[in-house]
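A.B. asks: Here you go, this is data04.csv (CSV, N, CA and C atoms).
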```
chain,number,residue,atom,x,y,z
A,74,MET,N,20.6,-13.8,-16.3
A,74,MET,CA,21.0,-13.1,-15.0
A,74,MET,C,22.4,-12.7,-15.0
A,75,ARG,N,22.8,-11.8,-14.2
A,75,ARG,CA,24.1,-11.2,-14.1
A,75,ARG,C,25.1,-12.3,-13.6
A,76,VAL,N,26.4,-12.2,-14.1
A,76,VAL,CA,27.5,-13.0,-13.7
A,76,VAL,C,28.3,-12.1,-12.8
A,77,ILE,N,28.7,-12.5,-11.6
A,77,ILE,CA,29.4,-11.7,-10.6
A,77,ILE,C,30.8,-12.3,-10.5
A,78,ARG,N,31.9,-11.6,-10.8
A,78,ARG,CA,33.2,-12.0,-10.7
A,78,ARG,C,33.6,-12.0,-9.2
A,79,ILE,N,34.3,-13.1,-8.8
A,79,ILE,CA,34.8,-13.2,-7.4
A,79,ILE,C,36.3,-13.1,-7.3
A,80,ASP,N,36.7,-12.1,-6.5
A,80,ASP,CA,38.1,-12.0,-6.3
A,80,ASP,C,38.5,-12.9,-5.1
A,81,ALA,N,39.1,-14.0,-5.4
A,81,ALA,CA,39.5,-15.0,-4.4
A,81,ALA,C,40.9,-14.9,-3.9
A,82,SER,N,41.6,-13.7,-4.3
A,82,SER,CA,43.0,-13.6,-4.0
A,82,SER,C,43.4,-13.7,-2.5
A,83,THR,N,42.4,-13.3,-1.6
A,83,THR,CA,42.7,-13.3,-0.2
A,83,THR,C,42.0,-14.5,0.5
A,84,ALA,N,41.4,-15.3,-0.3
A,84,ALA,CA,40.7,-16.5,0.3
A,84,ALA,C,41.5,-17.7,0.4
A,85,THR,N,41.2,-18.6,1.3
A,85,THR,CA,41.8,-19.9,1.3
A,85,THR,C,40.7,-20.9,0.8
A,86,ILE,N,41.1,-21.6,-0.2
A,86,ILE,CA,40.1,-22.6,-0.9
A,86,ILE,C,40.7,-23.9,-0.8
A,87,LEU,N,40.0,-24.9,-0.1
A,87,LEU,CA,40.4,-26.2,0.1
A,87,LEU,C,39.6,-27.2,-0.6
A,88,LEU,N,40.2,-28.2,-1.3
A,88,LEU,CA,39.4,-29.2,-2.0
A,88,LEU,C,38.8,-30.2,-1.1
A,89,THR,N,37.4,-30.3,-1.2
A,89,THR,CA,36.7,-31.3,-0.3
A,89,THR,C,36.1,-32.4,-1.1
A,90,GLU,N,35.9,-32.3,-2.4
A,90,GLU,CA,35.4,-33.4,-3.2
A,90,GLU,C,36.1,-33.4,-4.5
A,91,ALA,N,36.7,-34.5,-4.9
A,91,ALA,CA,37.4,-34.7,-6.1
A,91,ALA,C,36.5,-34.4,-7.3
A,92,PRO,N,37.1,-33.9,-8.5
A,92,PRO,CA,36.4,-33.6,-9.7
A,92,PRO,C,35.6,-34.9,-10.1
A,93,SER,N,34.3,-34.7,-10.5
A,93,SER,CA,33.5,-35.7,-11.1
A,93,SER,C,32.7,-35.1,-12.2
A,94,PRO,N,32.3,-35.9,-13.2
A,94,PRO,CA,31.4,-35.4,-14.3
A,94,PRO,C,30.1,-34.8,-13.7
A,95,LYS,N,29.8,-33.6,-14.3
A,95,LYS,CA,28.5,-33.0,-14.0
A,95,LYS,C,27.4,-33.6,-14.8
A,96,VAL,N,26.4,-34.2,-14.1
A,96,VAL,CA,25.3,-34.9,-14.7
A,96,VAL,C,24.2,-33.9,-15.1
A,97,ARG,N,23.8,-33.8,-16.4
A,97,ARG,CA,22.8,-32.9,-16.9
A,97,ARG,C,21.4,-33.5,-16.6
A,98,ASP,N,21.3,-34.8,-16.8
A,98,ASP,CA,20.0,-35.5,-16.7
A,98,ASP,C,20.2,-36.8,-15.8
A,99,ARG,N,19.7,-36.8,-14.6
A,99,ARG,CA,19.9,-37.9,-13.7
A,99,ARG,C,19.3,-39.2,-14.2
A,100,GLN,N,18.2,-39.1,-15.0
A,100,GLN,CA,17.5,-40.2,-15.5
A,100,GLN,C,18.2,-41.0,-16.5
A,101,THR,N,18.9,-40.2,-17.4
A,101,THR,CA,19.6,-40.8,-18.6
A,101,THR,C,21.1,-40.9,-18.3
A,102,GLY,N,21.6,-40.1,-17.3
A,102,GLY,CA,23.0,-40.1,-17.0
A,102,GLY,C,23.8,-39.2,-17.9
A,103,GLU,N,23.1,-38.4,-18.7
A,103,GLU,CA,23.8,-37.5,-19.7
A,103,GLU,C,24.7,-36.5,-19.0
A,104,ILE,N,25.9,-36.4,-19.5
A,104,ILE,CA,26.9,-35.5,-18.9
A,104,ILE,C,26.7,-34.1,-19.4
A,105,ALA,N,26.7,-33.1,-18.6
A,105,ALA,CA,26.6,-31.7,-19.0
A,105,ALA,C,27.7,-31.2,-19.9
A,106,LYS,N,27.4,-30.4,-20.8
A,106,LYS,CA,28.4,-29.9,-21.8
A,106,LYS,C,28.4,-28.4,-21.7
A,107,ASP,N,29.5,-27.7,-22.0
A,107,ASP,CA,29.5,-26.3,-22.1
A,107,ASP,C,28.7,-25.9,-23.3
A,108,ALA,N,27.9,-24.8,-23.2
A,108,ALA,CA,27.0,-24.4,-24.2
A,108,ALA,C,27.8,-23.9,-25.4
A,109,VAL,N,28.9,-23.3,-25.2
A,109,VAL,CA,29.7,-22.7,-26.3
A,109,VAL,C,30.7,-23.7,-26.9
A,110,SER,N,31.5,-24.3,-26.1
A,110,SER,CA,32.6,-25.2,-26.6
A,110,SER,C,32.1,-26.6,-26.8
A,111,GLY,N,31.1,-27.1,-26.1
A,111,GLY,CA,30.6,-28.5,-26.2
A,111,GLY,C,31.5,-29.4,-25.3
A,112,GLU,N,32.4,-28.8,-24.6
A,112,GLU,CA,33.3,-29.6,-23.7
A,112,GLU,C,32.5,-30.1,-22.5
A,113,ALA,N,32.9,-31.4,-22.1
A,113,ALA,CA,32.3,-31.9,-20.9
A,113,ALA,C,32.6,-31.1,-19.6
A,114,LEU,N,31.7,-31.0,-18.7
A,114,LEU,CA,31.9,-30.2,-17.5
A,114,LEU,C,32.0,-31.1,-16.3
A,115,MET,N,32.8,-30.7,-15.3
A,115,MET,CA,33.1,-31.4,-14.1
A,115,MET,C,32.6,-30.5,-12.9
A,116,THR,N,32.3,-31.2,-11.8
A,116,THR,CA,32.0,-30.4,-10.6
A,116,THR,C,33.0,-30.8,-9.5
A,117,ILE,N,33.4,-29.9,-8.6
A,117,ILE,CA,34.2,-30.1,-7.5
A,117,ILE,C,33.6,-29.5,-6.3
A,118,GLY,N,34.0,-30.0,-5.1
A,118,GLY,CA,33.5,-29.4,-3.9
A,118,GLY,C,34.7,-28.8,-3.2
A,119,VAL,N,34.5,-27.5,-2.7
A,119,VAL,CA,35.5,-26.8,-2.0
A,119,VAL,C,34.9,-26.2,-0.8
A,120,VAL,N,35.8,-25.9,0.2
A,120,VAL,CA,35.4,-25.0,1.3
A,120,VAL,C,36.1,-23.7,1.0
A,121,TYR,N,35.4,-22.6,1.0
A,121,TYR,CA,35.9,-21.2,0.6
A,121,TYR,C,35.9,-20.5,2.0
A,122,ILE,N,37.1,-20.1,2.4
A,122,ILE,CA,37.3,-19.4,3.7
A,122,ILE,C,37.9,-18.0,3.4
A,123,GLU,N,37.2,-17.0,4.0
A,123,GLU,CA,37.7,-15.6,3.8
A,123,GLU,C,37.1,-14.8,5.0
A,124,GLU,N,38.0,-14.0,5.6
A,124,GLU,CA,37.6,-13.1,6.7
A,124,GLU,C,36.9,-13.9,7.8
A,125,GLY,N,37.4,-15.1,8.2
A,125,GLY,CA,36.8,-15.8,9.3
A,125,GLY,C,35.5,-16.5,9.0
A,126,GLU,N,35.0,-16.4,7.8
A,126,GLU,CA,33.8,-17.1,7.4
A,126,GLU,C,34.1,-18.2,6.4
A,127,SER,N,33.3,-19.3,6.4
A,127,SER,CA,33.6,-20.4,5.5
A,127,SER,C,32.3,-20.9,4.9
A,128,SER,N,32.3,-21.4,3.7
A,128,SER,CA,31.2,-21.9,3.0
A,128,SER,C,31.6,-23.1,2.1
A,129,LEU,N,30.8,-24.2,2.2
A,129,LEU,CA,31.0,-25.3,1.3
A,129,LEU,C,30.3,-25.0,0.0
A,130,ILE,N,31.0,-25.0,-1.1
A,130,ILE,CA,30.4,-24.7,-2.4
A,130,ILE,C,30.8,-25.8,-3.5
A,131,LYS,N,29.9,-26.0,-4.5
A,131,LYS,CA,30.2,-26.8,-5.6
A,131,LYS,C,30.6,-25.8,-6.7
A,132,VAL,N,31.6,-26.2,-7.5
A,132,VAL,CA,32.1,-25.3,-8.6
A,132,VAL,C,32.2,-26.2,-9.8
A,133,THR,N,31.7,-25.6,-10.9
A,133,THR,CA,31.8,-26.3,-12.2
A,133,THR,C,33.0,-25.8,-13.0
A,134,VAL,N,33.7,-26.7,-13.6
A,134,VAL,CA,34.9,-26.4,-14.4
A,134,VAL,C,34.9,-27.2,-15.6
A,135,PRO,N,35.4,-26.7,-16.7
A,135,PRO,CA,35.5,-27.6,-17.9
A,135,PRO,C,36.5,-28.7,-17.7
A,136,GLU,N,36.3,-29.8,-18.3
A,136,GLU,CA,37.2,-31.0,-18.1
A,136,GLU,C,38.6,-30.7,-18.4
A,137,SER,N,38.9,-29.9,-19.4
A,137,SER,CA,40.3,-29.5,-19.7
A,137,SER,C,41.0,-28.6,-18.7
A,138,GLY,N,40.2,-28.0,-17.8
A,138,GLY,CA,40.7,-27.2,-16.8
A,138,GLY,C,41.0,-27.9,-15.5
A,139,VAL,N,40.9,-29.2,-15.4
A,139,VAL,CA,41.2,-29.9,-14.2
A,139,VAL,C,42.7,-30.3,-14.3
A,140,SER,N,43.5,-29.8,-13.3
A,140,SER,CA,44.9,-30.1,-13.3
A,140,SER,C,45.2,-31.4,-12.6
A,141,GLU,N,46.4,-32.0,-12.9
A,141,GLU,CA,46.9,-33.1,-12.2
A,141,GLU,C,47.4,-32.7,-10.8
A,142,GLY,N,47.5,-33.6,-9.9
A,142,GLY,CA,48.1,-33.3,-8.6
A,142,GLY,C,47.2,-32.7,-7.6
A,143,LEU,N,45.9,-32.8,-7.8
A,143,LEU,CA,44.9,-32.3,-6.8
A,143,LEU,C,44.8,-33.3,-5.6
A,144,THR,N,44.8,-32.8,-4.4
A,144,THR,CA,44.8,-33.6,-3.2
A,144,THR,C,43.6,-33.1,-2.3
A,145,LEU,N,42.8,-34.1,-1.9
A,145,LEU,CA,41.7,-33.7,-1.0
A,145,LEU,C,42.3,-33.0,0.3
A,146,GLY,N,41.7,-32.0,0.7
A,146,GLY,CA,42.1,-31.2,1.9
A,146,GLY,C,43.2,-30.2,1.6
A,147,ALA,N,43.8,-30.2,0.4
A,147,ALA,CA,44.8,-29.3,0.1
A,147,ALA,C,44.3,-28.0,-0.5
A,148,PRO,N,45.0,-26.9,-0.5
A,148,PRO,CA,44.6,-25.7,-1.1
A,148,PRO,C,44.6,-25.8,-2.6
A,149,VAL,N,43.6,-25.1,-3.2
A,149,VAL,CA,43.5,-25.1,-4.7
A,149,VAL,C,43.3,-23.6,-5.1
A,150,ALA,N,43.6,-23.4,-6.4
A,150,ALA,CA,43.3,-22.1,-7.0
A,150,ALA,C,42.2,-22.3,-8.0
A,151,LEU,N,41.3,-21.3,-8.1
A,151,LEU,CA,40.1,-21.4,-9.0
A,151,LEU,C,40.2,-20.1,-9.9
A,152,PRO,N,41.0,-20.0,-10.9
A,152,PRO,CA,41.0,-18.8,-11.8
A,152,PRO,C,39.7,-18.6,-12.5
A,153,GLY,N,39.4,-17.4,-12.7
A,153,GLY,CA,38.1,-17.0,-13.4
A,153,GLY,C,36.9,-17.4,-12.6
A,154,LEU,N,36.9,-17.4,-11.3
A,154,LEU,CA,35.7,-17.8,-10.5
A,154,LEU,C,34.6,-16.8,-10.6
A,155,VAL,N,33.4,-17.2,-10.9
A,155,VAL,CA,32.3,-16.3,-11.0
A,155,VAL,C,31.1,-17.0,-10.3
A,156,ALA,N,30.1,-16.2,-9.9
A,156,ALA,CA,28.9,-16.6,-9.3
A,156,ALA,C,27.7,-16.1,-10.2
A,157,ARG,N,26.8,-17.0,-10.4
A,157,ARG,CA,25.6,-16.7,-11.2
A,157,ARG,C,24.3,-17.1,-10.5
A,158,PRO,N,23.6,-16.0,-10.0
A,158,PRO,CA,22.3,-16.4,-9.4
A,158,PRO,C,21.3,-17.1,-10.4
A,159,TRP,N,20.5,-18.0,-9.9
A,159,TRP,CA,19.6,-18.7,-10.8
A,159,TRP,C,18.2,-18.9,-10.1
A,160,GLU,N,17.2,-19.0,-10.9
A,160,GLU,CA,15.8,-19.3,-10.4
A,160,GLU,C,15.2,-20.3,-11.4
A,161,SER,N,14.3,-21.2,-10.8
A,161,SER,CA,13.6,-22.1,-11.7
A,161,SER,C,12.3,-22.5,-10.9
A,162,VAL,N,11.4,-23.1,-11.7
A,162,VAL,CA,10.2,-23.7,-11.0
A,162,VAL,C,10.3,-25.2,-11.4
A,163,PHE,N,10.3,-26.1,-10.3
A,163,PHE,CA,10.4,-27.5,-10.5
A,163,PHE,C,9.2,-28.1,-9.7
A,164,ASN,N,8.4,-28.9,-10.4
A,164,ASN,CA,7.2,-29.5,-9.8
A,164,ASN,C,6.3,-28.4,-9.0
A,165,GLY,N,6.2,-27.3,-9.6
A,165,GLY,CA,5.4,-26.2,-9.0
A,165,GLY,C,6.1,-25.5,-7.8
A,166,GLN,N,7.3,-25.8,-7.5
A,166,GLN,CA,8.1,-25.2,-6.4
A,166,GLN,C,9.1,-24.2,-7.0
A,167,GLN,N,9.1,-23.0,-6.5
A,167,GLN,CA,10.1,-22.0,-6.9
A,167,GLN,C,11.4,-22.4,-6.2
A,168,ARG,N,12.5,-22.4,-7.0
A,168,ARG,CA,13.8,-22.8,-6.5
A,168,ARG,C,14.7,-21.7,-6.9
A,169,HIS,N,15.8,-21.4,-6.1
A,169,HIS,CA,16.8,-20.4,-6.5
A,169,HIS,C,18.1,-20.8,-5.8
A,170,GLY,N,19.1,-20.2,-6.3
A,170,GLY,CA,20.5,-20.5,-5.7
A,170,GLY,C,21.5,-19.7,-6.4
A,171,ILE,N,22.8,-20.1,-6.2
A,171,ILE,CA,23.9,-19.5,-6.8
A,171,ILE,C,24.7,-20.6,-7.4
A,172,ALA,N,25.0,-20.5,-8.7
A,172,ALA,CA,25.9,-21.4,-9.4
A,172,ALA,C,27.3,-20.8,-9.5
A,173,TYR,N,28.3,-21.6,-9.2
A,173,TYR,CA,29.7,-21.2,-9.2
A,173,TYR,C,30.4,-21.8,-10.4
A,174,ARG,N,31.2,-21.1,-11.1
A,174,ARG,CA,32.0,-21.6,-12.2
A,174,ARG,C,33.4,-21.0,-12.3
A,175,ALA,N,34.4,-21.8,-12.6
A,175,ALA,CA,35.7,-21.3,-12.8
A,175,ALA,C,36.3,-21.9,-14.1
A,176,THR,N,37.3,-21.2,-14.6
A,176,THR,CA,37.9,-21.7,-15.9
A,176,THR,C,38.8,-22.9,-15.7
A,177,ALA,N,39.2,-23.1,-14.4
A,177,ALA,CA,40.1,-24.2,-14.1
A,177,ALA,C,40.2,-24.4,-12.6
A,178,ILE,N,40.8,-25.6,-12.2
A,178,ILE,CA,41.2,-25.8,-10.8
A,178,ILE,C,42.6,-26.4,-10.9
A,179,ALA,N,43.4,-25.8,-10.0
A,179,ALA,CA,44.8,-26.2,-9.9
A,179,ALA,C,45.3,-26.3,-8.5
A,180,PRO,N,46.3,-27.0,-8.2
A,180,PRO,CA,46.9,-27.0,-6.8
A,180,PRO,C,47.2,-25.5,-6.5
A,181,GLY,N,47.0,-25.1,-5.3
A,181,GLY,CA,47.2,-23.8,-4.9
A,181,GLY,C,48.1,-23.7,-3.6
A,182,ALA,N,48.1,-22.6,-3.0
A,182,ALA,CA,48.9,-22.4,-1.8
A,182,ALA,C,48.1,-21.6,-0.8
A,183,PHE,N,48.4,-21.7,0.5
A,183,PHE,CA,47.8,-20.9,1.5
A,183,PHE,C,48.2,-19.5,1.3
A,184,PRO,N,47.3,-18.5,1.5
A,184,PRO,CA,47.7,-17.1,1.4
A,184,PRO,C,48.7,-16.8,2.5
A,185,ALA,N,49.6,-15.9,2.2
A,185,ALA,CA,50.6,-15.5,3.2
A,185,ALA,C,49.9,-14.8,4.3
A,186,ALA,N,50.3,-15.1,5.5
A,186,ALA,CA,49.8,-14.6,6.8
A,186,ALA,C,50.1,-13.1,6.8
A,187,GLU,N,49.2,-12.3,7.2
A,187,GLU,CA,49.4,-10.8,7.3
A,187,GLU,C,50.3,-10.6,8.6
A,188,ALA,N,51.2,-9.7,8.4
A,188,ALA,CA,52.1,-9.4,9.6
A,188,ALA,C,51.2,-8.5,10.5
A,189,GLY,N,51.3,-8.8,11.8
A,189,GLY,CA,50.4,-8.1,12.7
A,189,GLY,C,51.2,-7.2,13.5
```
Take the structure in this file and express it as structure tokens.
C.D. replies:
Amino acid sequence: MRVIRIDASTATILLTEAPSPKVRDRQTGEIAKDAVSGEALMTIGVVYIEEGESSLIKVTVPESGVSEGLTLGAPVALPGLVARPWESVFNGQQRHGIAYRATAIAPGAFPAAEAG
């Protein structure tokens, strides 16, 4: 499926869940790895706020892309943020959603307020 690049330059993104290993198989506890590099993947929770709308989303980042100094509730930057629609059938049920991925997560700043 298509990968959609997200321009988050005007958004406020706040960290709501600290980075934790992305589990590939819940039964075995196997950690998900990047298909190309083989690097372990992490998930983070953020609230994405733009144009008066907000969404809680989970974002996957490679372990090496997790910066030091992240604080819950603080703004973060997600360079290379993309969205990938997905579909699957699980136990006969059709499921679908959007998976978010970024190349890194780092402490960010609140966007400058527009002069009115």
A.B. asks: If we count only N, CA and C atoms, what is near Ala91 in chain A at a cut-off of 6 Å, once residues fewer than 3 positions away on the same chain are taken out, given as a list in words?
C.D. replies: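 My reading of the contact set: Thr116, Ile117 and Gly118 of chain A.
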A.B. asks: Neighbours of Pro158 in chain A within 7 Å (only N, CA and C atoms; same-chain residues fewer than 2 positions away dropped), as a list in words?
C.D. replies: Met74, Arg75, Val76, Ile77, Ala156, Glu160, His169, Gly170, Ile171 and Ala172 of chain A
A.B. asks: For the atom pair atom C of Ile130 in chain A and atom C of Thr83 in chain A, what is the interatomic distance in Å to one decimal place?
C.D. replies: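 Distance reported for this atom pair: 16.4 Å.
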A.B. asks: Quick one: pick out all strand (DSSP E) residues within chain A from a backbone DSSP run and write them as a PyMOL selection string.
C.D. replies: chain A and resi 77-78+85-94+96-98+103-104+114-123+126-135+149-150+155-163+166-174+179-180
A.B. asks: Give me, please, the distance in Å between CA of Pro135 in chain A and atom N of Ala150 in chain A, quoted to one decimal.
C.D. replies: 14.7 Å
A.B. asks: Asp107 in chain A: which residues within 12 Å, counting only C-alpha atoms, same-chain residues fewer than 2 positions away excluded, as an NGL selection string?
C.D. replies: :A and (95 or 97 or 104-105 or 109-115 or 133-137 or 174 or 176)
A.B. asks: Which residue out of A:Gly138, A:Pro92, A:Gly125, A:Gly102 has the minimum interatomic distance to Ile178 in chain A when only N, CA and C atoms are used?
C.D. replies: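 Closest candidate: A:Gly138.
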A.B. asks: One number please: CA of Glu103 in chain A to CA of Ser161 in chain A, in Å, one decimal.
C.D. replies: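 According to the coordinates, CA of Glu103 in chain A and CA of Ser161 in chain A are separated by 20.1 Å.
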A.B. asks: So which one's closest to Glu90 in chain A, A:Ala175, A:Leu151, A:Leu143, A:Ala108? Using only C-alpha atoms, please.
C.D. replies: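 Smallest separation from Glu90 in chain A among the options: A:Leu143.
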A.B. asks: Can you pull out the residues contacting Val120 in chain A? Cut-off 7 Å, using only N, CA and C atoms, and skip same-chain residues under 3 positions away; I want them as a JSON list (two decimals) with N, CA and C atoms, in the frame of the given file.
C.D. replies:
```json
[["chain", "number", "residue", "atom", "x", "y", "z"],
["A", 85, "THR", "N", 41.20, -18.60, 1.30],
["A", 85, "THR", "CA", 41.80, -19.90, 1.30],
["A", 85, "THR", "C", 40.70, -20.90, 0.80],
["A", 86, "ILE", "N", 41.10, -21.60, -0.20],
["A", 86, "ILE", "CA", 40.10, -22.60, -0.90],
["A", 86, "ILE", "C", 40.70, -23.90, -0.80],
["A", 87, "LEU", "N", 40.00, -24.90, -0.10],
["A", 87, "LEU", "CA", 40.40, -26.20, 0.10],
["A", 87, "LEU", "C", 39.60, -27.20, -0.60],
["A", 88, "LEU", "N", 40.20, -28.20, -1.30],
["A", 88, "LEU", "CA", 39.40, -29.20, -2.00],
["A", 88, "LEU", "C", 38.80, -30.20, -1.10],
["A", 89, "THR", "N", 37.40, -30.30, -1.20],
["A", 89, "THR", "CA", 36.70, -31.30, -0.30],
["A", 89, "THR", "C", 36.10, -32.40, -1.10],
["A", 90, "GLU", "N", 35.90, -32.30, -2.40],
["A", 90, "GLU", "CA", 35.40, -33.40, -3.20],
["A", 90, "GLU", "C", 36.10, -33.40, -4.50],
["A", 127, "SER", "N", 33.30, -19.30, 6.40],
["A", 127, "SER", "CA", 33.60, -20.40, 5.50],
["A", 127, "SER", "C", 32.30, -20.90, 4.90],
["A", 128, "SER", "N", 32.30, -21.40, 3.70],
["A", 128, "SER", "CA", 31.20, -21.90, 3.00],
["A", 128, "SER", "C", 31.60, -23.10, 2.10],
["A", 129, "LEU", "N", 30.80, -24.20, 2.20],
["A", 129, "LEU", "CA", 31.00, -25.30, 1.30],
["A", 129, "LEU", "C", 30.30, -25.00, 0.00],
["A", 130, "ILE", "N", 31.00, -25.00, -1.10],
["A", 130, "ILE", "CA", 30.40, -24.70, -2.40],
["A", 130, "ILE", "C", 30.80, -25.80, -3.50]]
```
A.B. asks: Would you please work out which residue, of A:Ala84, A:Val162, A:Ile79, A:Ala182, is nearest to Glu123 in chain A when using all atoms listed in the file?
C.D. replies: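 Ranked by minimum distance to Glu123 in chain A, first place goes to A:Ala84.
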A.B. asks: Could you check which residues have any atom within 7 Å of (47.3, -26.4, -3.7), counting only C-alpha atoms with coordinates taken straight from the file, and then list them as a list in words?
C.D. replies: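 Residues found, by chain and rising number: Ala147, Pro148, Val149, Ala150, Ala179, Pro180, Gly181 and Ala182 of chain A.
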